[in-house]
Amino acid sequence: MYTGFRGRYPNFRKGLNMMVNEELLKLITGRVIDKITKYNAFKIPVGVSNRHVHVTSEDLETLFGKGYQLTKKSDLKQPGQYACNETVTIRGPKGEFERVRILGPVRKQSQIEISKTDSFRLGVKAPIRESGDLTGTPGLEMVGPKGTVWLPRGAIVALRHIHMTPQQAEAMGVWDKDIVEVETFGERHGVFGDVLIRVSEQFELEMHVDVDEANACALKNNDYVIIRR
């Protein structure tokens with residue numbers, strides 16, 4: 001009786017299946033490795049920003065006394081930026097927060113960065129803005145050990161953003177002032193839209209979010225995110 005090719009060579013099909021399975025496994029493994037490699041190359045560390053203030057040298061002297069200089073508590077990741085030992089009280093129409101940390105060095109204009117939740121307690125409608133864009137923003141009072149400063153404007157909810165160098169921006173295919181989506185991982189996996197790209201040789205790679213945003217996706221300092229394609 002004619003058994004055909006497969007009947008005469010019963011191991012041929014088995015060997016062929018093994019070859020196909022091996023090639024398929026190599027293909028899948030290669031794609032997984034590529035994805036992991038790409039993720040590791042482009043993963044962006046997170047920095048969670050609590051409420052804080054930036055002050056001018058003039059406002060610093062009003063708050064702490066003539067000739068006062070900020071003292072460093074700890075360096076921040078961005079070069080030249082640091083958390084100060086000095087804190088102030090910020091006060092709005094409905095409430096206040098004590099021991100709000102100053103970040104150094106001094107700036108050309110004072111600015112108070114809060115979360116949306118903070119704005120409810122203070123009683124102001126702080127808009128979401130890029131740092132330094134203070135036109136039309138509400139004011140708050142800053143109280144120090146030596147004096148009080150009333151800011152007619154300067155309270156913002158910081159627009160979430162990513163700091164990176166030009167080399168990192170080129171590798172990730174983005175430009176300064178681009179707006180991107182960012183994917184988070186972990187227990188509360190999510191996607192952030194409207195994330196501003198900020199590019200400078202002076203920056204270190206880091207995404208900044210406020211406490212509200214971090215809590216929404218269970219993020220903490222030094223967690224990682226990636227730009228969503």
# chains A, B, ... in the order shown; residues from 1 in each chain; ligands from 1
call {"tool": "residues_around", "arguments": {"residues": "Ser57 (chain A)", "least_positions_apart": "5", "cutoff": "12 Å", "atoms": "only C-alpha atoms", "output": "CSV table (one decimal) with all heavy atoms, in the first residue's frame"}}
result
chain,number,residue,atom,x,y,z
A,62,THR,N,12.7,91.0,52.1
A,62,THR,CA,11.5,91.4,52.8
A,62,THR,C,11.0,90.3,53.7
A,62,THR,O,10.6,90.5,54.9
A,62,THR,CB,10.3,91.7,51.8
A,62,THR,OG1,10.7,92.8,51.0
A,62,THR,CG2,9.1,92.1,52.6
A,63,LEU,N,11.1,89.1,53.3
A,63,LEU,CA,10.7,87.9,54.0
A,63,LEU,C,11.6,87.5,55.2
A,63,LEU,O,11.2,87.2,56.3
A,63,LEU,CB,10.5,86.7,53.1
A,63,LEU,CG,9.4,86.8,52.1
A,63,LEU,CD1,9.5,85.7,51.0
A,63,LEU,CD2,8.0,86.7,52.8
A,64,PHE,N,12.9,87.7,54.9
A,64,PHE,CA,13.9,87.1,55.9
A,64,PHE,C,14.9,88.2,56.4
A,64,PHE,O,15.7,87.9,57.3
A,64,PHE,CB,14.7,86.0,55.3
A,64,PHE,CG,13.9,84.8,55.0
A,64,PHE,CD1,13.2,84.6,53.9
A,64,PHE,CD2,13.8,83.8,56.0
A,64,PHE,CE1,12.4,83.4,53.7
A,64,PHE,CE2,13.1,82.6,55.8
A,64,PHE,CZ,12.4,82.5,54.7
A,65,GLY,N,14.9,89.4,55.9
A,65,GLY,CA,15.8,90.4,56.4
A,65,GLY,C,16.8,90.9,55.4
A,65,GLY,O,17.1,90.2,54.4
A,66,LYS,N,17.2,92.1,55.6
A,66,LYS,CA,18.2,92.8,54.7
A,66,LYS,C,19.5,92.0,54.5
A,66,LYS,O,20.1,91.5,55.5
A,66,LYS,CB,18.6,94.2,55.3
A,66,LYS,CG,19.4,95.0,54.4
A,66,LYS,CD,18.6,95.5,53.2
A,66,LYS,CE,19.4,96.5,52.3
A,66,LYS,NZ,18.7,96.9,51.1
A,67,GLY,N,19.8,91.7,53.2
A,67,GLY,CA,21.0,91.0,52.9
A,67,GLY,C,21.0,89.5,53.1
A,67,GLY,O,22.0,88.8,53.0
A,68,TYR,N,19.8,89.0,53.3
A,68,TYR,CA,19.7,87.5,53.6
A,68,TYR,C,20.0,86.7,52.3
A,68,TYR,O,19.6,87.2,51.2
A,68,TYR,CB,18.2,87.2,54.1
A,68,TYR,CG,18.1,85.8,54.6
A,68,TYR,CD1,18.4,85.6,56.0
A,68,TYR,CD2,17.8,84.7,53.8
A,68,TYR,CE1,18.3,84.3,56.5
A,68,TYR,CE2,17.7,83.4,54.3
A,68,TYR,CZ,18.0,83.2,55.7
A,68,TYR,OH,17.9,81.9,56.2
A,69,GLN,N,20.6,85.6,52.5
A,69,GLN,CA,21.0,84.7,51.4
A,69,GLN,C,20.3,83.3,51.6
A,69,GLN,O,20.3,82.8,52.8
A,69,GLN,CB,22.5,84.5,51.3
A,69,GLN,CG,23.2,85.8,51.0
A,69,GLN,CD,22.9,86.3,49.6
A,69,GLN,OE1,22.9,85.6,48.6
A,69,GLN,NE2,22.7,87.7,49.5
A,70,LEU,N,19.8,82.7,50.6
A,70,LEU,CA,19.3,81.3,50.7
A,70,LEU,C,20.4,80.3,51.1
A,70,LEU,O,21.5,80.5,50.7
A,70,LEU,CB,18.7,80.9,49.4
A,70,LEU,CG,17.4,81.6,48.9
A,70,LEU,CD1,17.0,81.2,47.5
A,70,LEU,CD2,16.2,81.4,49.9
A,104,GLY,N,15.8,77.3,45.2
A,104,GLY,CA,16.8,78.2,44.8
A,104,GLY,C,17.4,77.9,43.4
A,104,GLY,O,17.2,76.7,43.0
A,105,PRO,N,18.2,78.8,42.8
A,105,PRO,CA,18.5,80.1,43.3
A,105,PRO,C,17.4,81.1,43.1
A,105,PRO,O,16.3,80.8,42.6
A,105,PRO,CB,19.7,80.5,42.5
A,105,PRO,CG,19.5,79.8,41.2
A,105,PRO,CD,18.8,78.5,41.5
A,106,VAL,N,17.7,82.4,43.5
A,106,VAL,CA,16.6,83.4,43.4
A,106,VAL,C,16.4,83.7,41.9
A,106,VAL,O,17.2,83.4,41.0
A,106,VAL,CB,17.1,84.8,44.0
A,106,VAL,CG1,17.2,84.6,45.5
A,106,VAL,CG2,18.4,85.2,43.5
A,107,ARG,N,15.2,84.2,41.6
A,107,ARG,CA,14.7,84.4,40.2
A,107,ARG,C,14.4,85.8,40.0
A,107,ARG,O,14.4,86.7,40.9
A,107,ARG,CB,13.5,83.5,39.9
A,107,ARG,CG,13.8,82.0,39.9
A,107,ARG,CD,12.7,81.3,39.2
A,107,ARG,NE,13.0,79.9,39.1
A,107,ARG,CZ,12.2,79.0,38.5
A,107,ARG,NH1,11.0,79.4,38.0
A,107,ARG,NH2,12.5,77.7,38.4
A,108,LYS,N,14.1,86.1,38.7
A,108,LYS,CA,13.8,87.5,38.3
A,108,LYS,C,12.4,87.9,38.7
A,108,LYS,O,12.0,89.1,38.8
A,108,LYS,CB,14.0,87.7,36.8
A,108,LYS,CG,15.4,87.5,36.3
A,108,LYS,CD,15.5,87.7,34.8
A,108,LYS,CE,16.9,87.6,34.3
A,108,LYS,NZ,17.1,87.8,32.9
A,109,GLN,N,11.5,86.9,38.9
A,109,GLN,CA,10.1,87.2,39.4
A,109,GLN,C,9.7,86.0,40.3
A,109,GLN,O,10.1,84.9,40.1
A,109,GLN,CB,9.1,87.3,38.2
A,109,GLN,CG,9.1,86.2,37.3
A,109,GLN,CD,8.1,86.4,36.1
A,109,GLN,OE1,7.4,87.4,36.1
A,109,GLN,NE2,8.1,85.5,35.1
A,110,SER,N,9.0,86.4,41.4
A,110,SER,CA,8.6,85.4,42.3
A,110,SER,C,7.4,84.6,41.8
A,110,SER,O,6.6,85.2,41.0
A,110,SER,CB,8.2,86.1,43.7
A,110,SER,OG,9.3,86.7,44.3
call {"tool": "residues_around", "arguments": {"residues": "region 187-200 of chain A", "least_positions_apart": "2", "cutoff": "6 Å", "atoms": "only C-alpha atoms", "output": "JSON, numbers by chain"}}
result
{"A": [160, 161, 162, 163, 164, 165, 166, 176, 177, 178, 179, 180, 181, 182, 183, 184, 185, 202, 203, 217, 218]}
call {"tool": "residues_around", "arguments": {"residues": "Ser49 (chain A)", "least_positions_apart": "3", "cutoff": "8 Å", "atoms": "only C-alpha atoms", "output": "list in words"}}
result
His52, His208, Val209, Asp210 and Val211 of chain A
call {"tool": "select_by_dssp", "arguments": {"residues": "region 40-204 of chain A", "states": "alpha helix (DSSP H)", "output": "list in words"}}
result
Asn40, Ala41, Phe42, Ser57, Glu58, Asp59, Leu60, Glu61, Thr62, Leu63, Phe64, Lys116, Thr117, Asp118, Ser119, Phe120, Arg121, Leu122, Pro166, Gln167, Gln168, Ala169, Glu170, Ala171 and Met172 of chain A
call {"tool": "write_last_selection", "arguments": {"atoms": "N, CA and C atoms", "output": "compact mmCIF listing (two decimals), in the first residue's frame"}}
result
# COMPACT_ATOMS: atom_id res chain seq x y z
N ASN A 40 14.14 50.70 27.67
CA ASN A 40 15.25 51.07 28.55
C ASN A 40 15.98 52.30 28.03
N ALA A 41 16.08 52.43 26.70
CA ALA A 41 16.78 53.57 26.11
C ALA A 41 16.00 54.87 26.29
N PHE A 42 14.68 54.79 26.30
CA PHE A 42 13.87 55.99 26.30
C PHE A 42 13.07 56.18 27.59
N SER A 57 15.39 88.32 44.81
CA SER A 57 16.26 88.74 45.93
C SER A 57 15.58 89.81 46.78
N GLU A 58 14.79 90.68 46.13
CA GLU A 58 14.08 91.73 46.87
C GLU A 58 13.03 91.13 47.80
N ASP A 59 12.24 90.18 47.28
CA ASP A 59 11.23 89.56 48.12
C ASP A 59 11.87 88.73 49.23
N LEU A 60 13.01 88.09 48.94
CA LEU A 60 13.72 87.32 49.96
C LEU A 60 14.13 88.21 51.12
N GLU A 61 14.62 89.41 50.82
CA GLU A 61 15.02 90.32 51.90
C GLU A 61 13.82 90.79 52.71
N THR A 62 12.69 91.01 52.05
CA THR A 62 11.48 91.39 52.79
C THR A 62 11.04 90.28 53.73
N LEU A 63 11.13 89.05 53.26
CA LEU A 63 10.67 87.91 54.04
C LEU A 63 11.63 87.55 55.18
N PHE A 64 12.95 87.66 54.94
CA PHE A 64 13.93 87.15 55.90
C PHE A 64 14.92 88.19 56.43
N LYS A 116 -3.90 71.69 41.90
CA LYS A 116 -5.31 72.07 41.83
C LYS A 116 -5.98 71.91 43.19
N THR A 117 -5.65 70.82 43.88
CA THR A 117 -6.22 70.61 45.22
C THR A 117 -5.82 71.74 46.16
N ASP A 118 -4.57 72.17 46.10
CA ASP A 118 -4.11 73.29 46.92
C ASP A 118 -4.91 74.56 46.62
N SER A 119 -5.21 74.78 45.34
CA SER A 119 -5.89 76.01 44.95
C SER A 119 -7.28 76.10 45.57
N PHE A 120 -7.94 74.96 45.75
CA PHE A 120 -9.27 74.96 46.39
C PHE A 120 -9.16 75.43 47.83
N ARG A 121 -8.17 74.92 48.54
CA ARG A 121 -8.00 75.31 49.95
C ARG A 121 -7.61 76.78 50.09
N LEU A 122 -6.77 77.24 49.17
CA LEU A 122 -6.34 78.64 49.23
C LEU A 122 -7.42 79.60 48.76
N PRO A 166 19.47 68.30 24.18
CA PRO A 166 19.25 68.19 22.73
C PRO A 166 19.55 66.80 22.19
N GLN A 167 20.56 66.14 22.74
CA GLN A 167 20.91 64.81 22.28
C GLN A 167 19.80 63.80 22.61
N GLN A 168 19.24 63.91 23.79
CA GLN A 168 18.14 63.03 24.17
C GLN A 168 16.89 63.31 23.35
N ALA A 169 16.64 64.60 23.07
CA ALA A 169 15.49 64.96 22.25
C ALA A 169 15.61 64.38 20.85
N GLU A 170 16.82 64.45 20.28
CA GLU A 170 17.03 63.90 18.95
C GLU A 170 16.80 62.39 18.94
N ALA A 171 17.31 61.71 19.97
CA ALA A 171 17.15 60.26 20.05
C ALA A 171 15.68 59.87 20.18
N MET A 172 14.89 60.69 20.86
CA MET A 172 13.48 60.38 21.08
C MET A 172 12.57 60.95 19.99
call {"tool": "residues_around", "arguments": {"residues": "Gln78 (chain A)", "least_positions_apart": "2", "cutoff": "6 Å", "atoms": "only C-alpha atoms", "output": "PyMOL selection string"}}
result
chain A and resi 76+81+203-204
call {"tool": "write_last_selection", "arguments": {"atoms": "C-alpha atoms", "output": "JSON list (two decimals), in the first residue's frame"}}
result
[["chain", "number", "residue", "atom", "x", "y", "z"],
["A", 76, "LEU", "CA", 17.65, 68.86, 42.92],
["A", 81, "GLN", "CA", 18.64, 73.95, 41.28],
["A", 203, "PHE", "CA", 18.88, 69.99, 31.72],
["A", 204, "GLU", "CA", 18.92, 66.45, 33.08]]
call {"tool": "closest_residue", "arguments": {"among": "A:Gly139, A:Val157, A:Val53, A:Asn221", "to": "Met207 (chain A)", "atoms": "only C-alpha atoms"}}
result
A:Asn221
call {"tool": "select_by_dssp", "arguments": {"residues": "region 49-224 of chain A", "states": "strand (DSSP E or B)", "output": "VMD selection string"}}
result
chain A and resid 49 52 to 54 72 to 75 82 to 91 96 to 104 111 to 113 128 to 129 140 to 143 148 to 151 155 to 158 161 to 164 179 to 183 191 to 199 206 to 210 224
call {"tool": "write_last_selection", "arguments": {"atoms": "C-alpha atoms", "output": "compact mmCIF listing (two decimals), in the first residue's frame"}}
result
# COMPACT_ATOMS: atom_id res chain seq x y z
CA SER A 49 6.88 68.37 42.81
CA HIS A 52 6.89 75.39 46.51
CA VAL A 53 7.90 78.96 45.81
CA HIS A 54 10.56 80.83 43.85
CA LYS A 72 20.95 74.92 50.52
CA LYS A 73 19.18 71.93 52.03
CA SER A 74 19.67 69.51 49.13
CA ASP A 75 20.42 69.54 45.42
CA TYR A 82 18.26 73.15 44.98
CA ALA A 83 15.78 72.92 47.83
CA CYS A 84 16.41 75.54 50.51
CA ASN A 85 16.24 75.33 54.27
CA GLU A 86 14.00 78.41 54.18
CA THR A 87 10.21 78.04 54.15
CA VAL A 88 7.31 80.50 54.12
CA THR A 89 3.59 80.49 54.70
CA ILE A 90 1.45 81.05 51.62
CA ARG A 91 -1.96 82.56 52.27
CA GLU A 96 -3.07 78.90 53.99
CA PHE A 97 -0.20 76.42 53.93
CA GLU A 98 2.69 76.66 56.35
CA ARG A 99 6.30 75.57 55.81
CA VAL A 100 6.21 75.83 52.02
CA ARG A 101 9.75 75.34 50.80
CA ILE A 102 11.67 77.88 48.74
CA LEU A 103 13.62 76.52 45.77
CA GLY A 104 16.84 78.25 44.78
CA GLN A 111 6.28 82.49 41.60
CA ILE A 112 4.18 80.09 43.67
CA GLU A 113 3.57 76.59 42.29
CA ILE A 128 -2.19 75.53 34.41
CA ARG A 129 0.86 77.32 33.02
CA LEU A 140 -1.12 85.15 47.06
CA GLU A 141 0.51 86.37 50.22
CA MET A 142 3.90 85.03 51.36
CA VAL A 143 4.73 85.32 55.05
CA THR A 148 5.16 89.73 54.37
CA VAL A 149 5.04 89.96 50.58
CA TRP A 150 1.80 90.36 48.67
CA LEU A 151 2.19 89.02 45.13
CA ALA A 155 0.20 81.49 41.53
CA ILE A 156 0.18 78.67 38.94
CA VAL A 157 -0.42 74.96 38.59
CA ALA A 158 2.70 73.92 36.67
CA HIS A 161 6.74 68.73 31.41
CA ILE A 162 9.89 66.79 30.55
CA HIS A 163 13.41 68.20 30.80
CA MET A 164 15.97 66.76 28.39
CA ILE A 179 3.45 68.46 23.30
CA VAL A 180 3.42 64.69 23.76
CA GLU A 181 1.59 61.87 25.52
CA VAL A 182 3.36 59.93 28.24
CA GLU A 183 2.58 56.41 29.43
CA VAL A 191 -1.54 58.04 30.01
CA PHE A 192 -0.80 61.74 30.52
CA GLY A 193 -1.64 64.07 27.65
CA ASP A 194 -0.45 67.64 27.10
CA VAL A 195 3.10 67.04 28.34
CA LEU A 196 5.48 69.84 27.37
CA ILE A 197 8.98 69.03 26.10
CA ARG A 198 11.70 71.39 27.36
CA VAL A 199 15.13 71.06 25.76
CA GLU A 206 13.31 64.10 34.09
CA MET A 207 9.53 64.45 33.91
CA HIS A 208 7.94 66.78 36.46
CA VAL A 209 4.42 66.18 37.76
CA ASP A 210 2.67 67.63 40.79
CA TYR A 224 9.86 55.71 35.01
call {"tool": "residues_around", "arguments": {"residues": "Lys43 (chain A)", "least_positions_apart": "5", "cutoff": "9 Å", "atoms": "only C-alpha atoms", "output": "list in words"}}
result
Lys38, Tyr224, Val225, Ile226 and Ile227 of chain A
call {"tool": "write_last_selection", "arguments": {"atoms": "C-alpha atoms", "output": "JSON list (two decimals), in the first residue's frame"}}
result
[["chain", "number", "residue", "atom", "x", "y", "z"],
["A", 38, "LYS", "CA", 13.74, 50.65, 23.27],
["A", 224, "TYR", "CA", 9.86, 55.71, 35.01],
["A", 225, "VAL", "CA", 7.57, 56.71, 32.15],
["A", 226, "ILE", "CA", 7.96, 56.65, 28.36],
["A", 227, "ILE", "CA", 6.77, 58.93, 25.57]]
call {"tool": "atom_distance", "arguments": {"atom1": "CA of Lys220 (chain A)", "atom2": "CA of Trp175 (chain A)"}}
result
26.2 Å
call {"tool": "atom_distance", "arguments": {"atom1": "CA of Gly92 (chain A)", "atom2": "CA of Lys125 (chain A)"}}
result
10.5 Å
call {"tool": "atom_distance", "arguments": {"atom1": "CA of Ser115 (chain A)", "atom2": "CA of Ser131 (chain A)"}}
result
13.4 Å
call {"tool": "decode", "arguments": {"residues": "region 214-225 of chain A", "atoms": "N, CA, C and O atoms", "output": "short mmCIF file (atom, residue, chain, number, x, y, z; two decimals), in the first residue's frame"}}
result
data_model
loop_
_atom_site.label_atom_id
_atom_site.label_comp_id
_atom_site.auth_asym_id
_atom_site.auth_seq_id
_atom_site.Cartn_x
_atom_site.Cartn_y
_atom_site.Cartn_z
N ALA A 214 0.73 62.74 40.39
CA ALA A 214 1.44 61.55 40.86
C ALA A 214 0.49 60.59 41.57
O ALA A 214 0.53 59.37 41.34
N ASN A 215 -0.37 61.13 42.41
CA ASN A 215 -1.32 60.26 43.13
C ASN A 215 -2.30 59.58 42.18
O ASN A 215 -2.71 58.44 42.40
N ALA A 216 -2.68 60.27 41.11
CA ALA A 216 -3.64 59.71 40.16
C ALA A 216 -3.10 58.43 39.52
O ALA A 216 -3.87 57.51 39.21
N CYS A 217 -1.79 58.36 39.30
CA CYS A 217 -1.19 57.19 38.65
C CYS A 217 -0.21 56.45 39.58
O CYS A 217 0.60 55.65 39.11
N ALA A 218 -0.30 56.71 40.90
CA ALA A 218 0.54 56.04 41.90
C ALA A 218 2.02 56.15 41.56
O ALA A 218 2.78 55.19 41.64
N LEU A 219 2.45 57.37 41.16
CA LEU A 219 3.85 57.61 40.83
C LEU A 219 4.60 58.16 42.03
O LEU A 219 4.03 58.86 42.87
N LYS A 220 5.87 57.83 42.09
CA LYS A 220 6.75 58.40 43.11
C LYS A 220 8.07 58.78 42.46
O LYS A 220 8.33 58.43 41.30
N ASN A 221 8.89 59.50 43.18
CA ASN A 221 10.18 59.93 42.64
C ASN A 221 10.98 58.74 42.12
O ASN A 221 11.05 57.69 42.77
N ASN A 222 11.57 58.93 40.94
CA ASN A 222 12.44 57.95 40.30
C ASN A 222 11.71 56.77 39.68
O ASN A 222 12.36 55.83 39.20
N ASP A 223 10.36 56.79 39.67
CA ASP A 223 9.64 55.87 38.79
C ASP A 223 9.94 56.28 37.35
O ASP A 223 10.48 57.37 37.10
N TYR A 224 9.56 55.41 36.40
CA TYR A 224 9.86 55.71 35.01
C TYR A 224 8.59 55.76 34.16
O TYR A 224 7.63 55.05 34.43
N VAL A 225 8.64 56.62 33.15
CA VAL A 225 7.57 56.71 32.15
C VAL A 225 8.23 56.71 30.77
O VAL A 225 9.46 56.84 30.66
#
